[in-house]
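Undergrad: So I've got this file, coords21.tsv, and it contains TSV, C-alpha atoms and all ligand atoms:
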chain	number	residue	atom	x	y	z
A	1	MET	CA	174.65	304.96	163.34
A	2	ASN	CA	174.25	301.18	163.64
A	3	ASN	CA	171.07	299.61	164.93
A	4	LEU	CA	172.90	297.98	167.82
A	5	HIS	CA	174.36	300.17	170.56
A	6	LEU	CA	176.45	298.85	173.46
A	7	TRP	CA	177.31	300.62	176.72
A	8	GLY	CA	180.36	299.38	178.61
A	9	ARG	CA	184.09	299.74	179.13
A	10	LEU	CA	186.50	297.50	177.22
A	11	ASN	CA	188.15	295.93	180.28
A	12	SER	CA	184.91	294.59	181.80
A	13	ILE	CA	184.57	290.80	181.52
A	14	ASN	CA	180.82	291.10	180.96
A	15	VAL	CA	181.24	293.70	178.23
A	16	GLN	CA	183.98	291.59	176.62
A	17	LYS	CA	181.48	288.74	176.20
A	18	VAL	CA	179.26	290.95	174.05
A	19	LEU	CA	182.15	292.50	172.10
A	20	TRP	CA	183.55	289.06	171.32
A	21	LEU	CA	180.24	287.70	170.06
A	22	CYS	CA	179.65	290.78	167.89
A	23	GLU	CA	183.09	290.30	166.35
A	24	ASP	CA	182.62	286.56	165.69
A	25	LEU	CA	179.19	287.17	164.15
A	26	LYS	CA	180.29	290.36	162.36
A	27	ILE	CA	177.44	292.36	163.90
A	28	PRO	CA	178.03	296.10	163.38
A	29	PHE	CA	177.58	298.18	166.53
A	30	ASP	CA	178.37	301.51	168.18
A	31	ARG	CA	179.66	301.71	171.73
A	32	THR	CA	179.71	304.20	174.58
A	33	ASP	CA	182.34	303.79	177.30
A	34	ALA	CA	180.58	303.33	180.64
A	35	GLY	CA	181.46	302.03	184.10
A	36	MET	CA	184.30	302.70	186.58
A	37	GLN	CA	186.39	305.72	185.50
A	38	TYR	CA	183.96	306.59	182.69
A	39	GLY	CA	180.92	306.96	184.95
A	40	VAL	CA	177.72	307.10	182.83
A	41	ASN	CA	176.27	303.96	184.48
A	42	LYS	CA	174.90	305.85	187.51
A	43	THR	CA	173.23	308.65	185.54
A	44	GLU	CA	169.45	308.94	185.56
A	45	ALA	CA	169.29	308.17	181.84
A	46	TYR	CA	171.39	305.02	182.25
A	47	LEU	CA	169.45	303.82	185.29
A	48	GLN	CA	166.28	304.11	183.22
A	49	MET	CA	167.81	301.49	180.91
A	50	ASN	CA	169.40	299.35	183.62
A	51	PRO	CA	168.29	300.04	187.21
A	52	ASN	CA	171.21	297.91	188.43
A	53	GLY	CA	173.64	300.55	187.17
A	54	LEU	CA	175.94	297.89	185.72
A	55	VAL	CA	177.50	297.27	182.30
A	56	PRO	CA	176.85	295.95	179.70
A	57	VAL	CA	173.56	297.25	178.32
A	58	ILE	CA	172.50	297.02	174.68
A	59	ASN	CA	169.83	298.77	172.66
A	60	ASP	CA	169.06	296.77	169.53
A	61	ASN	CA	166.46	298.57	167.44
A	62	GLY	CA	164.62	299.67	170.56
A	63	LEU	CA	165.09	296.48	172.59
A	64	VAL	CA	166.99	297.48	175.74
A	65	LEU	CA	168.65	294.51	177.43
A	66	TRP	CA	171.02	293.94	180.36
A	67	GLU	CA	172.62	290.80	181.89
A	68	SER	CA	175.48	289.65	179.69
A	69	HIS	CA	174.25	286.06	179.25
A	70	ALA	CA	170.76	287.22	178.25
A	71	ILE	CA	172.44	289.51	175.70
A	72	LEU	CA	174.58	286.66	174.35
A	73	ARG	CA	171.57	284.38	173.99
A	74	TYR	CA	169.57	287.10	172.25
A	75	LEU	CA	172.31	288.11	169.80
A	76	ALA	CA	173.17	284.49	168.97
A	77	LYS	CA	169.51	283.60	168.37
A	78	LYS	CA	168.99	286.66	166.20
A	79	TYR	CA	172.23	286.85	164.23
A	80	ASP	CA	173.82	283.37	164.14
A	81	THR	CA	172.46	281.90	160.92
A	82	THR	CA	174.38	278.65	161.53
A	83	ASP	CA	172.36	278.01	164.74
A	84	ILE	CA	175.49	276.70	166.45
A	85	LEU	CA	176.54	279.33	168.98
A	86	TYR	CA	173.29	278.98	170.95
A	87	PRO	CA	171.16	276.34	169.23
A	88	LYS	CA	167.42	276.92	169.17
A	89	SER	CA	166.49	273.30	169.98
A	90	ALA	CA	165.91	272.46	173.65
A	91	LEU	CA	168.05	269.34	173.37
A	92	GLN	CA	171.03	271.14	171.90
A	93	SER	CA	170.87	274.24	174.07
A	94	ALA	CA	170.49	272.36	177.37
A	95	LYS	CA	174.22	271.78	177.89
A	96	VAL	CA	175.07	275.31	176.79
A	97	ASP	CA	172.70	276.57	179.49
A	98	GLN	CA	174.18	274.19	182.04
A	99	TRP	CA	177.67	275.63	181.56
A	100	LEU	CA	176.42	279.22	181.43
A	101	GLU	CA	174.77	278.62	184.82
A	102	TRP	CA	177.95	277.00	186.10
A	103	TYR	CA	179.87	280.10	185.10
A	104	ASN	CA	177.52	282.28	187.17
A	105	THR	CA	177.10	280.00	190.19
A	106	THR	CA	180.51	278.35	190.49
A	107	ALA	CA	183.32	279.75	188.36
A	108	TRP	CA	182.87	283.54	188.39
A	109	PRO	CA	182.07	283.89	192.14
A	110	VAL	CA	185.54	282.40	192.77
A	111	MET	CA	187.45	284.06	189.92
A	112	ARG	CA	186.03	287.50	190.75
A	113	PRO	CA	187.77	287.95	194.16
A	114	LEU	CA	190.94	286.33	192.80
A	115	PHE	CA	191.01	288.80	189.90
A	116	TRP	CA	190.18	291.80	192.10
A	117	GLY	CA	192.76	290.79	194.68
A	118	TRP	CA	195.58	290.56	192.15
A	119	ILE	CA	194.66	293.19	189.58
A	120	ARG	CA	192.54	295.84	191.27
A	121	THR	CA	194.02	295.86	194.79
A	122	LYS	CA	197.20	297.70	195.77
A	123	PRO	CA	200.03	295.24	196.60
A	124	GLU	CA	200.20	296.51	200.21
A	125	ASP	CA	196.48	295.80	200.68
A	126	ARG	CA	196.53	292.24	199.32
A	127	ASN	CA	195.64	289.40	201.68
A	128	LYS	CA	197.93	286.73	200.26
A	129	VAL	CA	196.67	283.99	202.60
A	130	GLU	CA	193.07	284.60	201.54
A	131	LEU	CA	194.07	284.84	197.87
A	132	GLU	CA	195.80	281.47	198.05
A	133	LYS	CA	192.64	279.89	199.52
A	134	ILE	CA	190.62	281.33	196.64
A	135	ARG	CA	193.21	280.16	194.11
A	136	VAL	CA	192.83	276.59	195.40
A	137	GLN	CA	189.03	276.85	195.03
A	138	MET	CA	189.42	278.18	191.49
A	139	SER	CA	191.75	275.35	190.62
A	140	ALA	CA	189.20	272.81	191.94
A	141	ALA	CA	186.49	274.36	189.75
A	142	LEU	CA	188.76	274.28	186.71
A	143	LYS	CA	189.48	270.59	187.38
A	144	ILE	CA	185.76	269.95	186.81
A	145	PHE	CA	185.99	271.86	183.55
A	146	ASP	CA	189.19	270.04	182.54
A	147	ASP	CA	187.51	266.68	183.20
A	148	GLN	CA	184.68	267.66	180.85
A	149	LEU	CA	187.18	268.64	178.15
A	150	LYS	CA	188.75	265.15	178.28
A	151	SER	CA	185.92	263.84	176.14
A	152	THR	CA	184.80	266.84	174.07
A	153	LYS	CA	186.54	269.27	171.74
A	154	TRP	CA	184.55	272.24	173.06
A	155	VAL	CA	182.71	272.30	176.37
A	156	THR	CA	179.40	270.99	175.01
A	157	GLY	CA	180.66	268.90	172.10
A	158	ASP	CA	182.05	269.44	168.62
A	159	HIS	CA	181.26	273.15	168.30
A	160	PHE	CA	182.25	276.42	169.91
A	161	THR	CA	179.22	277.95	171.67
A	162	ILE	CA	178.56	280.95	173.88
A	163	ALA	CA	179.37	278.71	176.87
A	164	ASP	CA	182.96	278.35	175.62
A	165	LEU	CA	183.09	282.10	175.06
A	166	THR	CA	182.21	282.98	178.66
A	167	LEU	CA	184.44	280.30	180.20
A	168	ALA	CA	187.35	281.38	178.00
A	169	LEU	CA	187.26	284.79	179.67
A	170	ILE	CA	187.68	283.10	183.04
A	171	ALA	CA	190.44	280.86	181.69
A	172	PHE	CA	192.24	283.91	180.28
A	173	ARG	CA	192.30	285.43	183.77
A	174	TRP	CA	193.52	282.15	185.26
A	175	PHE	CA	196.39	281.94	182.76
A	176	ASN	CA	197.36	285.59	183.18
A	177	LEU	CA	197.28	286.16	186.93
A	178	PRO	CA	200.65	285.95	188.73
A	179	ILE	CA	199.66	282.72	190.49
A	180	GLU	CA	200.70	279.08	190.69
A	181	ARG	CA	198.73	276.89	188.26
A	182	GLU	CA	198.16	273.15	188.29
A	183	GLU	CA	198.71	271.51	184.91
A	184	TYR	CA	195.34	270.92	183.23
A	185	GLN	CA	196.18	269.50	179.84
A	186	HIS	CA	192.66	269.47	178.39
A	187	LEU	CA	192.05	273.04	179.51
A	188	SER	CA	195.33	274.09	177.87
A	189	ARG	CA	194.47	272.28	174.64
A	190	TRP	CA	190.99	273.89	174.58
A	191	PHE	CA	192.44	277.33	175.27
A	192	LYS	CA	194.76	277.03	172.23
A	193	GLN	CA	191.60	276.60	170.11
A	194	VAL	CA	189.99	279.58	171.84
A	195	GLU	CA	192.97	281.76	170.92
A	196	GLN	CA	192.07	281.39	167.22
A	197	ARG	CA	188.66	283.07	167.60
A	198	PRO	CA	188.51	286.59	166.07
A	199	GLY	CA	186.55	288.03	169.00
A	200	TYR	CA	189.08	286.72	171.50
A	201	ILE	CA	191.98	288.20	169.53
A	202	LYS	CA	190.35	291.61	169.12
A	203	TYR	CA	188.67	292.17	172.46
A	204	SER	CA	189.66	289.65	175.09
A	205	SER	CA	193.39	289.18	175.02
A	206	ALA	CA	194.57	292.61	176.27
A	207	PRO	CA	196.53	292.73	179.54
A	208	LEU	CA	194.26	292.50	182.58
A	209	SER	CA	193.28	295.82	184.11
A	301	LIG	N1	175.33	289.77	185.97
A	301	LIG	C1	175.71	290.98	185.26
A	301	LIG	C2	176.90	291.59	185.99
A	301	LIG	C3	177.30	292.94	185.43
A	301	LIG	C4	178.48	293.52	186.20
A	301	LIG	O1	178.79	293.14	187.35
A	301	LIG	N2	179.16	294.47	185.56
A	301	LIG	C5	180.29	295.11	186.17
A	301	LIG	C6	181.50	295.12	185.20
A	301	LIG	S1	182.07	293.49	184.82
A	301	LIG	C7	179.96	296.57	186.46
A	301	LIG	O2	179.10	297.15	185.82
A	301	LIG	N3	180.68	297.17	187.42
A	301	LIG	C8	180.51	298.56	187.75
A	301	LIG	C9	181.31	299.48	186.89
A	301	LIG	O3	181.97	299.06	185.92
A	301	LIG	O4	181.30	300.69	187.20
A	301	LIG	C10	176.04	290.65	183.81
A	301	LIG	O5	176.38	289.48	183.55
A	301	LIG	O6	175.91	291.51	182.94
Represent the structure of the file as structure tokens.
TA:
Amino acid sequence: MNNLHLWGRLNSINVQKVLWLCEDLKIPFDRTDAGMQYGVNKTEAYLQMNPNGLVPVINDNGLVLWESHAILRYLAKKYDTTDILYPKSALQSAKVDQWLEWYNTTAWPVMRPLFWGWIRTKPEDRNKVELEKIRVQMSAALKIFDDQLKSTKWVTGDHFTIADLTLALIAFRWFNLPIEREEYQHLSRWFKQVEQRPGYIKYSSAPLS
């Protein structure tokens, strides 16, 4: 049994963040499927760990933690000996935090209904007019991201950080939904780099479900 245990199903975007980081940092872990068809996340025992009843949750040597970005920050601080994925200095982590916040406040609230509408809604129940409005909003958000990538290799500079990791999961959904896409050349160039990451290859590139 490894010291780190993760609860969460493989097709959850928030669980994929943790899986990807563990793979890139070669952190050994055990995992229990939880959420949607697996249940588990509404049991009394699970709610004791995470009263929100959501995945992911980790238990690392007795530290129980939920909220995917808090988990990423914790694992990177503890296990990334290069201090690059989430730098400890305030100056260097400020931009990583900025883009992690942007993910939560701007990008995911738009990608979530677009993803659910196309992937987890029966074709006969889809509201195509509404989905097109959301697609346009998503494209506008990605234009902001594309503009940033004009001047930097990765979103915060020369190195891949946990901000790139989270945004790559949104970009993967954008590139794999059956939708029209504006040409964002910097986003496309950045995504080719993302596709080389071991965690992306192993855990984040499966067909959307
Ligand atoms: N802000 C939370 C959101 C967690 C969340 O919404 N998880 C979803 C899966 S992506 C969930 O647990 N859904 C219920 C389920 O899978 O049964 C985080 O970043 O961890």
Undergrad: Which residues of chain A come within 6 Å of ligand LIG 301 (chain A), and for each one, what is the closest pair of atoms and their distance in Å to one decimal, counting all atoms listed in the file, sorted by chain and residue number, as JSON lines?
TA:
{"residue": "A:Ser12", "atom": "CA", "partner": "A:LIG301", "partner_atom": "S1", "distance": 4.3}
{"residue": "A:Ile13", "atom": "CA", "partner": "A:LIG301", "partner_atom": "S1", "distance": 4.9}
{"residue": "A:Asn14", "atom": "CA", "partner": "A:LIG301", "partner_atom": "S1", "distance": 4.7}
{"residue": "A:Gly35", "atom": "CA", "partner": "A:LIG301", "partner_atom": "O4", "distance": 3.4}
{"residue": "A:Met36", "atom": "CA", "partner": "A:LIG301", "partner_atom": "O4", "distance": 3.7}
{"residue": "A:Leu54", "atom": "CA", "partner": "A:LIG301", "partner_atom": "O2", "distance": 3.2}
{"residue": "A:Val55", "atom": "CA", "partner": "A:LIG301", "partner_atom": "O2", "distance": 3.9}
{"residue": "A:Pro56", "atom": "CA", "partner": "A:LIG301", "partner_atom": "O6", "distance": 5.6}
{"residue": "A:Glu67", "atom": "CA", "partner": "A:LIG301", "partner_atom": "O6", "distance": 3.5}
{"residue": "A:Ser68", "atom": "CA", "partner": "A:LIG301", "partner_atom": "O6", "distance": 3.8}
{"residue": "A:His69", "atom": "CA", "partner": "A:LIG301", "partner_atom": "O5", "distance": 5.9}
Undergrad: Work out how far apart atom CA of His186 of chain A and atom CA of Lys153 of chain A are and give it in Å to one decimal.
TA: 9.0 Å
Undergrad: With all atoms listed in the file as the counted atoms, please give the residues lying no more than 12 Å from Val136 of chain A, apart from itself and same-chain residues fewer than 5 positions off, as a PyMOL selection string.
TA: chain A and resi 110-111+114+129-131+141-143+174+179-182
Undergrad: I'd like the neighbourhood of Gln37 of chain A as a PyMOL selection string, where a residue qualifies if any of its atoms comes within 12 Å (using only C-alpha atoms), though same-chain residues fewer than 6 positions away should be ignored.
TA: chain A and resi 8-12
Undergrad: Could you check which of A:Tyr38, A:Gly117, A:Glu44, A:Glu23 is closest to Tyr79 of chain A, using only C-alpha atoms?
TA: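 Answer, going by the shortest atom-to-atom distance: A:Glu23.
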Undergrad: Name all residues at most 9 Å from Phe191 of chain A (count only C-alpha atoms; drop same-chain ones fewer than 3 positions away) and give them as number ranges by chain.
TA: A: 168, 171-172, 186-188, 194-195
Undergrad: Can you list, as a PyMOL selection string, every protein, DNA or RNA residue that comes within 12 Å of Thr106 of chain A when you count only C-alpha atoms, leaving out same-chain residues fewer than 4 positions away?
TA: chain A and resi 98-102+110-112+137-142+144-145+167+170
Undergrad: Report, in Å with one decimal, the straight-line distance from atom CA of Pro198 of chain A to atom CA of Thr81 of chain A.
TA: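 Atom-to-atom, atom CA of Pro198 of chain A and atom CA of Thr81 of chain A are spaced 17.5 Å apart.
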Undergrad: Can you measure atom CA of Trp108 of chain A to atom CA of Lys17 of chain A for me? One decimal in Å is fine.
TA: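 So the two atoms, atom CA of Trp108 of chain A and atom CA of Lys17 of chain A, lie 13.3 Å apart.
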Undergrad: Looking at only C-alpha atoms, which of A:Leu177, A:Leu63, A:Val57, A:Leu47 is the one that sits closest to Arg120 of chain A?
TA: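 Result for the nearest residue to Arg120 of chain A: A:Leu177.
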Undergrad: Point out the residue among A:Thr166, A:His5, A:Leu19, A:Asp24 with the least atom-to-atom distance to Ala107 of chain A, counting all atoms listed in the file.
TA: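 Checking each candidate against Ala107 of chain A, we get A:Thr166 as the closest.
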